[in-house]
$ cat data-v8.txt   # compact mmCIF, C-alpha atoms
# COMPACT_ATOMS: atom_id res chain seq x y z
CA MET A 1 0.00 0.00 0.00
CA LYS A 2 2.79 2.41 0.91
CA LEU A 3 4.66 1.71 -2.33
CA ARG A 4 1.48 2.22 -4.38
CA PHE A 5 0.75 5.49 -2.62
CA LEU A 6 4.34 6.66 -3.19
CA ALA A 7 4.21 5.82 -6.90
CA SER A 8 0.90 7.61 -7.31
CA SER A 9 2.21 10.62 -5.39
CA LEU A 10 5.28 10.83 -7.62
CA VAL A 11 3.12 10.83 -10.76
CA ILE A 12 0.93 13.63 -9.37
CA LEU A 13 3.98 15.60 -8.22
CA GLY A 14 5.55 15.23 -11.66
CA ILE A 15 2.41 16.56 -13.34
CA ALA A 16 2.20 19.49 -10.93
CA LEU A 17 5.86 20.42 -11.42
CA GLY A 18 5.52 20.07 -15.20
CA SER A 19 2.58 22.45 -15.20
CA PHE A 20 4.38 24.92 -12.95
CA PHE A 21 7.57 25.04 -14.99
CA GLY A 22 5.51 25.14 -18.19
CA LEU A 23 4.36 28.61 -17.22
CA ARG A 24 6.10 31.39 -19.02
CA GLN A 25 9.72 31.64 -17.82
CA THR A 26 12.15 33.67 -19.89
CA LEU A 27 15.73 32.48 -19.82
CA PHE A 28 18.77 34.24 -21.23
CA SER A 29 21.55 32.24 -22.86
CA GLN A 30 25.10 33.18 -21.95
CA GLU A 31 26.05 33.38 -25.61
CA ASP A 32 23.70 36.01 -27.01
CA GLN A 33 21.69 37.21 -23.99
CA GLY A 34 18.55 36.79 -26.10
CA PRO A 35 15.38 35.32 -24.61
CA THR A 36 14.56 31.66 -25.18
CA TYR A 37 11.58 29.75 -23.86
CA PRO A 38 11.09 26.13 -22.80
CA GLN A 39 8.50 24.04 -24.60
CA GLN A 40 5.13 23.25 -23.10
CA PRO A 41 5.54 20.22 -20.79
CA ILE A 42 4.82 16.87 -22.41
CA ALA A 43 1.99 14.93 -20.79
CA PRO A 44 2.87 11.79 -18.84
CA SER A 45 2.02 8.68 -20.80
CA PRO A 46 -1.72 7.92 -20.65
CA ASP A 47 -0.61 4.33 -19.95
CA VAL A 48 -0.38 5.28 -16.27
CA LEU A 49 -4.18 5.39 -16.28
CA ASP A 50 -4.23 1.70 -17.22
CA ASP A 51 -2.42 0.78 -14.02
CA PRO A 52 -5.15 0.21 -11.39
CA SER A 53 -2.65 0.64 -8.54
CA LEU A 54 -1.91 4.20 -9.72
CA LYS A 55 -5.32 5.17 -11.03
CA GLN A 56 -7.21 4.41 -7.82
CA ASP A 57 -5.10 6.90 -5.86
CA MET A 58 -5.20 9.58 -8.55
CA PRO A 59 -7.80 12.39 -8.31
CA PRO A 60 -10.19 12.54 -11.31
CA TYR A 61 -8.99 16.04 -12.27
CA ILE A 62 -5.41 14.72 -12.60
CA GLN A 63 -6.64 11.87 -14.78
CA GLU A 64 -8.47 14.38 -17.00
CA HIS A 65 -5.33 16.54 -17.15
CA ILE A 66 -3.20 13.59 -18.32
CA LYS A 67 -5.71 12.60 -21.00
CA ALA A 68 -6.13 16.18 -22.26
CA LEU A 69 -2.39 16.80 -22.58
CA ALA A 70 -1.80 13.41 -24.22
CA GLU A 71 -4.51 14.12 -26.81
CA ASP A 72 -3.14 17.62 -27.42
CA ASN A 73 0.46 16.46 -27.79
CA ALA A 74 -0.63 13.96 -30.42
CA LYS A 75 -1.60 16.87 -32.68
CA PRO A 76 0.96 18.76 -34.82
CA ARG A 77 2.21 22.09 -33.48
CA PHE A 78 1.40 25.11 -35.62
CA GLU A 79 4.53 26.78 -36.95
CA GLY A 80 4.79 29.80 -39.23
CA LYS A 81 3.10 33.13 -39.84
CA LEU A 82 -0.25 33.83 -38.20
CA GLY A 83 -1.50 37.39 -38.46
CA GLU A 84 1.35 39.69 -37.42
CA PHE A 85 3.13 36.94 -35.49
CA VAL A 86 5.55 34.17 -36.35
CA LEU A 87 4.96 30.99 -34.34
CA THR A 88 8.18 29.16 -33.43
CA PRO A 89 7.12 26.41 -30.97
CA GLY A 90 9.28 26.15 -27.89
CA LYS A 91 11.55 29.09 -28.64
CA ALA A 92 11.41 32.76 -29.52
CA ASP A 93 14.66 33.90 -31.09
CA ASN A 94 13.74 37.58 -31.24
CA ASP A 95 16.22 40.36 -31.75
CA SER A 96 15.62 41.94 -28.33
CA PRO A 97 17.85 44.98 -27.82
CA CYS A 98 18.62 46.80 -24.60
CA LEU A 99 18.28 50.56 -24.46
CA PRO A 100 20.81 52.85 -22.74
CA GLN A 101 21.36 52.60 -19.00
CA GLY A 102 18.68 54.48 -17.09
CA THR A 103 15.91 53.87 -19.61
CA GLN A 104 12.72 52.94 -17.73
CA GLU A 105 10.26 52.73 -20.62
CA LEU A 106 9.34 49.14 -19.80
CA TYR A 107 8.50 49.91 -16.18
CA SER A 108 5.44 51.82 -15.02
CA SER A 109 3.46 52.76 -11.93
CA THR A 110 0.72 50.33 -12.99
CA LEU A 111 3.18 47.45 -13.05
CA ALA A 112 4.54 48.47 -9.66
CA GLU A 113 1.04 48.46 -8.21
CA ILE A 114 -0.01 45.11 -9.71
CA PHE A 115 3.14 43.17 -8.95
CA LYS A 116 4.10 44.96 -5.70
CA GLY A 117 7.83 44.44 -5.75
CA GLN A 118 7.78 41.00 -7.36
CA VAL A 119 9.61 42.38 -10.37
CA GLU A 120 12.97 42.34 -12.08
CA GLY A 121 14.45 43.90 -15.18
CA GLY A 122 15.30 47.37 -16.34
CA GLN A 123 16.32 48.82 -19.66
CA CYS A 124 16.32 45.37 -21.35
CA TYR A 125 13.13 43.72 -20.14
CA PHE A 126 10.56 43.59 -17.35
CA MET A 127 9.37 40.45 -15.57
CA GLY A 128 6.74 40.26 -12.87
CA LEU A 129 4.83 37.66 -10.87
CA GLY A 130 1.46 38.76 -9.53
CA PRO A 131 -0.12 37.69 -6.23
CA ASP A 132 -2.78 35.76 -8.16
CA GLY A 133 -0.19 33.67 -10.00
CA SER A 134 -0.24 35.74 -13.20
CA GLU A 135 3.08 36.30 -14.96
CA LEU A 136 4.12 39.20 -17.14
CA PHE A 137 7.03 39.72 -19.51
CA ARG A 138 7.63 42.96 -21.41
CA ALA A 139 10.54 43.52 -23.78
CA TYR A 140 11.77 45.17 -26.95
CA PHE A 141 12.00 43.50 -30.36
CA ARG A 142 13.08 44.24 -33.91
CA GLY A 143 11.67 42.79 -37.10
CA GLU A 144 8.86 40.25 -36.90
CA LEU A 145 7.78 39.08 -33.47
CA HIS A 146 8.44 35.41 -32.85
CA VAL A 147 6.11 33.71 -30.35
CA SER A 148 7.02 30.49 -28.55
CA PHE A 149 3.52 29.04 -28.22
CA SER A 150 3.58 25.27 -28.74
CA ALA A 151 0.03 24.36 -29.71
CA PRO A 152 -2.13 23.05 -32.55
CA LYS A 153 -3.78 25.79 -34.57
CA GLU A 154 -7.18 25.14 -33.00
CA ARG A 155 -5.86 26.46 -29.65
CA LEU A 156 -4.51 29.69 -31.15
CA LYS A 157 -6.60 32.76 -31.84
CA LEU A 158 -5.91 36.27 -33.07
CA LEU A 159 -7.35 39.10 -30.99
CA THR A 160 -7.26 42.86 -30.66
CA VAL A 161 -6.40 44.15 -27.18
CA ALA A 162 -6.69 47.89 -26.55
CA GLY A 163 -6.47 48.41 -30.31
CA ARG A 164 -3.27 46.38 -30.65
CA PRO A 165 -2.74 43.05 -32.43
CA ALA A 166 -2.62 40.08 -30.07
CA ILE A 167 -2.49 36.31 -30.14
CA ALA A 168 -3.76 33.96 -27.43
CA GLU A 169 -3.07 30.34 -26.62
CA ASP A 170 -5.99 28.57 -24.98
CA PRO A 171 -4.82 26.03 -22.39
CA ALA A 172 -4.66 22.36 -23.30
CA SER A 173 -6.28 21.41 -19.99
CA SER A 174 -8.11 23.10 -17.14
CA LEU A 175 -4.92 23.02 -15.03
CA MET A 176 -2.81 24.97 -17.51
CA PRO A 177 -2.49 28.76 -17.80
CA ALA A 178 -3.83 30.80 -20.70
CA ARG A 179 -1.17 32.85 -22.51
CA LEU A 180 -1.42 36.12 -24.38
CA VAL A 181 1.06 38.12 -26.45
CA VAL A 182 0.34 41.70 -27.52
CA ILE A 183 2.34 43.96 -29.81
CA GLU A 184 2.33 47.15 -27.76
CA ARG A 185 4.41 49.08 -30.28
CA SER A 186 5.60 48.04 -33.73
CA PRO A 187 9.30 48.54 -34.48
CA SER A 188 10.40 51.46 -36.62
CA THR A 189 13.65 53.02 -37.80
CA GLU A 190 13.54 55.31 -34.76
CA ALA A 191 12.83 52.78 -32.01
CA PRO A 192 12.42 49.04 -31.40
CA GLY A 193 8.99 47.56 -30.90
CA ILE A 194 7.60 46.51 -27.53
CA PHE A 195 5.65 43.35 -26.80
CA ILE A 196 3.84 42.12 -23.71
CA GLU A 197 3.31 38.49 -22.77
CA VAL A 198 0.96 37.52 -19.97
CA SER A 199 0.04 34.12 -18.57
CA ALA A 200 -2.80 33.64 -16.12
CA ILE A 201 -3.86 30.49 -14.31
CA PRO A 202 -7.51 29.34 -14.37
CA GLN A 203 -8.03 30.28 -10.71
CA SER A 204 -7.26 33.92 -11.48
CA GLY A 205 -9.53 34.10 -14.53
CA GLY A 206 -7.42 32.59 -17.32
CA LEU A 207 -7.49 34.44 -20.62
CA GLU A 208 -9.91 37.09 -19.35
CA ARG A 209 -7.44 37.96 -16.59
CA ALA A 210 -4.53 38.04 -19.04
CA ILE A 211 -6.43 40.46 -21.29
CA GLU A 212 -7.40 42.59 -18.29
CA LEU A 213 -3.75 42.91 -17.21
CA ALA A 214 -2.60 43.77 -20.74
CA GLU A 215 -5.30 46.44 -21.06
CA LEU A 216 -4.27 48.00 -17.73
CA ILE A 217 -0.69 48.31 -18.89
CA LEU A 218 -1.62 49.62 -22.32
CA SER A 219 -3.98 52.22 -20.87
CA GLU A 220 -1.13 54.24 -19.36
$ encode --input "data-v8.txt" --output "structure tokens"
Amino acid sequence: MKLRFLASSLVILGIALGSFFGLRQTLFSQEDQGPTYPQQPIAPSPDVLDDPSLKQDMPPYIQEHIKALAEDNAKPRFEGKLGEFVLTPGKADNDSPCLPQGTQELYSSTLAEIFKGQVEGGQCYFMGLGPDGSELFRAYFRGELHVSFSAPKERLKLLTVAGRPAIAEDPASSLMPARLVVIERSPSTEAPGIFIEVSAIPQSGGLERAIELAELILSE
């Protein structure tokens, strides 16, 4: 009994950690200091649901999560141009410049109020984690904007947020966050563009919450 409980607990823990680290985290390589993004976590094999010793200790919502991700991962990822965005699943090799020291264009009083000190960044980018679990990333870009969403086309949709072009990724399961990318400012010969990416967990309102946060920032 103890061994069965331990095995089931490890499966559930693995799913939970996969979902957590699948949230938007922007990492900078030591070579080019450009942002890269990990791929959406792969679902555990649905075969675990065929093992009675694991399944009986597994909450129904975890079983549904495993099935939903397995079904989604069986579908091809959309890659290429969609609206004003270029989908590059699992990575976003944007040309993201840094502006001169002291530039605070990416930071604002609204961000300070929403994220209440849970922030980092400066003249290169802004990252924040909200008290409701929402995540925000704001940075510069040149050329076309590459988006790291790893999803079949049916989970992608083009939107307009505060008059700006946006793309959303609906979650593959009810335990995954919704993600939104908005082009705040298009690049020009005078200045780089600015984009905003927001992820929001279902408990905070999902895509509606992500859109709300983006609109607050863009209203300044």
$ atom_distance --input "data-v8.txt" --atom1 "atom CA of Glu135 of chain A" --atom2 "atom CA of Gly90 of chain A"
17.6 Å
$ closest_residue --input "data-v8.txt" --among "A:Pro59, A:Pro152, A:Pro192, A:Pro187" --to "Pro76 of chain A" --atoms "only C-alpha atoms"
A:Pro152
$ atom_distance --input "data-v8.txt" --atom1 "atom CA of Gly128 of chain A" --atom2 "atom CA of Leu213 of chain A"
11.7 Å
$ atom_distance --input "data-v8.txt" --atom1 "atom CA of Gly205 of chain A" --atom2 "atom CA of Gly133 of chain A"
10.4 Å
$ closest_residue --input "data-v8.txt" --among "A:Leu87, A:Leu207, A:Leu69, A:Ile217" --to "Glu144 of chain A" --atoms "only C-alpha atoms"
A:Leu87
$ residues_near_point --input "data-v8.txt" --point "(4.3, 45.0, -18.3)" --cutoff "10 Å" --atoms "only C-alpha atoms" --output "VMD selection string"
chain A and resid 106 to 108 110 to 112 114 to 115 119 125 to 128 135 to 139 184 194 to 198 213 to 214 216 to 218
$ residues_around --input "data-v8.txt" --residues "Phe85 of chain A" --least-positions-apart "4" --cutoff "8 Å" --atoms "only C-alpha atoms" --output "PDB file with C-alpha atoms, in the coordinates of the input"
ATOM      1  CA  LYS A  81       3.100  33.130 -39.840  1.00  0.00           C
ATOM      2  CA  GLU A 144       8.860  40.250 -36.900  1.00  0.00           C
ATOM      3  CA  LEU A 145       7.780  39.080 -33.470  1.00  0.00           C
ATOM      4  CA  HIS A 146       8.440  35.410 -32.850  1.00  0.00           C
ATOM      5  CA  VAL A 147       6.110  33.710 -30.350  1.00  0.00           C
ATOM      6  CA  ILE A 167      -2.490  36.310 -30.140  1.00  0.00           C
TER       7      ILE A 167
END
$ closest_residue --input "data-v8.txt" --among "A:Gln123, A:Thr189, A:Gln203, A:Ser174" --to "Ile66 of chain A" --atoms "all atoms listed in the file"
A:Ser174
$ closest_residue --input "data-v8.txt" --among "A:Ala151, A:Glu190, A:Lys157, A:Arg185" --to "Glu71 of chain A" --atoms "all atoms listed in the file"
A:Ala151
$ closest_residue --input "data-v8.txt" --among "A:Leu82, A:Ala178, A:Ile211, A:Ala172" --to "Thr160 of chain A" --atoms "only C-alpha atoms"
A:Ile211
$ closest_residue --input "data-v8.txt" --among "A:Gln104, A:Gln63, A:Ser199, A:Ser186" --to "Asp170 of chain A" --atoms "all atoms listed in the file"
A:Ser199
$ axis_aligned_box --input "data-v8.txt" --around "segment 174-191 of chain A" --padding-each-side "8 Å" --output "AutoDock Vina command-line options"
--center_x 2.8 --center_y 39.2 --center_z -26.4 --size_x 37.8 --size_y 48.3 --size_z 38.8
$ decode --input "data-v8.txt" --residues "segment 160-176 of chain A" --atoms "N, CA and C atoms" --output "mmCIF file, in the first residue's frame"
data_model
loop_
_atom_site.group_PDB
_atom_site.id
_atom_site.type_symbol
_atom_site.label_atom_id
_atom_site.label_comp_id
_atom_site.auth_asym_id
_atom_site.auth_seq_id
_atom_site.Cartn_x
_atom_site.Cartn_y
_atom_site.Cartn_z
ATOM 1 N N THR A 160 -7.676 41.467 -30.748
ATOM 2 C CA THR A 160 -7.261 42.865 -30.657
ATOM 3 C C THR A 160 -7.439 43.274 -29.197
ATOM 4 N N VAL A 161 -6.370 43.743 -28.581
ATOM 5 C CA VAL A 161 -6.399 44.155 -27.182
ATOM 6 C C VAL A 161 -6.011 45.623 -27.102
ATOM 7 N N ALA A 162 -6.924 46.446 -26.640
ATOM 8 C CA ALA A 162 -6.690 47.891 -26.549
ATOM 9 C C ALA A 162 -6.226 48.453 -27.895
ATOM 10 N N GLY A 163 -6.802 47.928 -28.974
ATOM 11 C CA GLY A 163 -6.467 48.409 -30.306
ATOM 12 C C GLY A 163 -5.185 47.863 -30.888
ATOM 13 N N ARG A 164 -4.527 46.958 -30.163
ATOM 14 C CA ARG A 164 -3.266 46.382 -30.650
ATOM 15 C C ARG A 164 -3.462 44.924 -31.054
ATOM 16 N N PRO A 165 -2.643 44.457 -32.020
ATOM 17 C CA PRO A 165 -2.742 43.053 -32.429
ATOM 18 C C PRO A 165 -2.258 42.137 -31.312
ATOM 19 N N ALA A 166 -2.958 41.031 -31.127
ATOM 20 C CA ALA A 166 -2.621 40.084 -30.074
ATOM 21 C C ALA A 166 -2.894 38.669 -30.546
ATOM 22 N N ILE A 167 -2.247 37.718 -29.876
ATOM 23 C CA ILE A 167 -2.491 36.306 -30.136
ATOM 24 C C ILE A 167 -2.591 35.606 -28.795
ATOM 25 N N ALA A 168 -3.540 34.683 -28.675
ATOM 26 C CA ALA A 168 -3.761 33.964 -27.427
ATOM 27 C C ALA A 168 -3.609 32.468 -27.656
ATOM 28 N N GLU A 169 -3.145 31.799 -26.624
ATOM 29 C CA GLU A 169 -3.071 30.340 -26.622
ATOM 30 C C GLU A 169 -4.010 29.834 -25.534
ATOM 31 N N ASP A 170 -5.091 29.194 -25.941
ATOM 32 C CA ASP A 170 -5.987 28.574 -24.976
ATOM 33 C C ASP A 170 -5.278 27.378 -24.344
ATOM 34 N N PRO A 171 -5.500 27.139 -23.057
ATOM 35 C CA PRO A 171 -4.816 26.030 -22.390
ATOM 36 C C PRO A 171 -5.264 24.672 -22.895
ATOM 37 N N ALA A 172 -4.342 23.711 -22.853
ATOM 38 C CA ALA A 172 -4.659 22.357 -23.299
ATOM 39 C C ALA A 172 -5.502 21.607 -22.276
ATOM 40 N N SER A 173 -5.451 22.027 -21.021
ATOM 41 C CA SER A 173 -6.278 21.409 -19.988
ATOM 42 C C SER A 173 -6.675 22.474 -18.978
ATOM 43 N N SER A 174 -7.602 22.127 -18.117
ATOM 44 C CA SER A 174 -8.105 23.098 -17.137
ATOM 45 C C SER A 174 -7.091 23.427 -16.057
ATOM 46 N N LEU A 175 -5.959 22.728 -16.024
ATOM 47 C CA LEU A 175 -4.919 23.019 -15.033
ATOM 48 C C LEU A 175 -3.805 23.890 -15.594
ATOM 49 N N MET A 176 -3.870 24.206 -16.873
ATOM 50 C CA MET A 176 -2.806 24.971 -17.512
ATOM 51 C C MET A 176 -3.181 26.443 -17.634
#
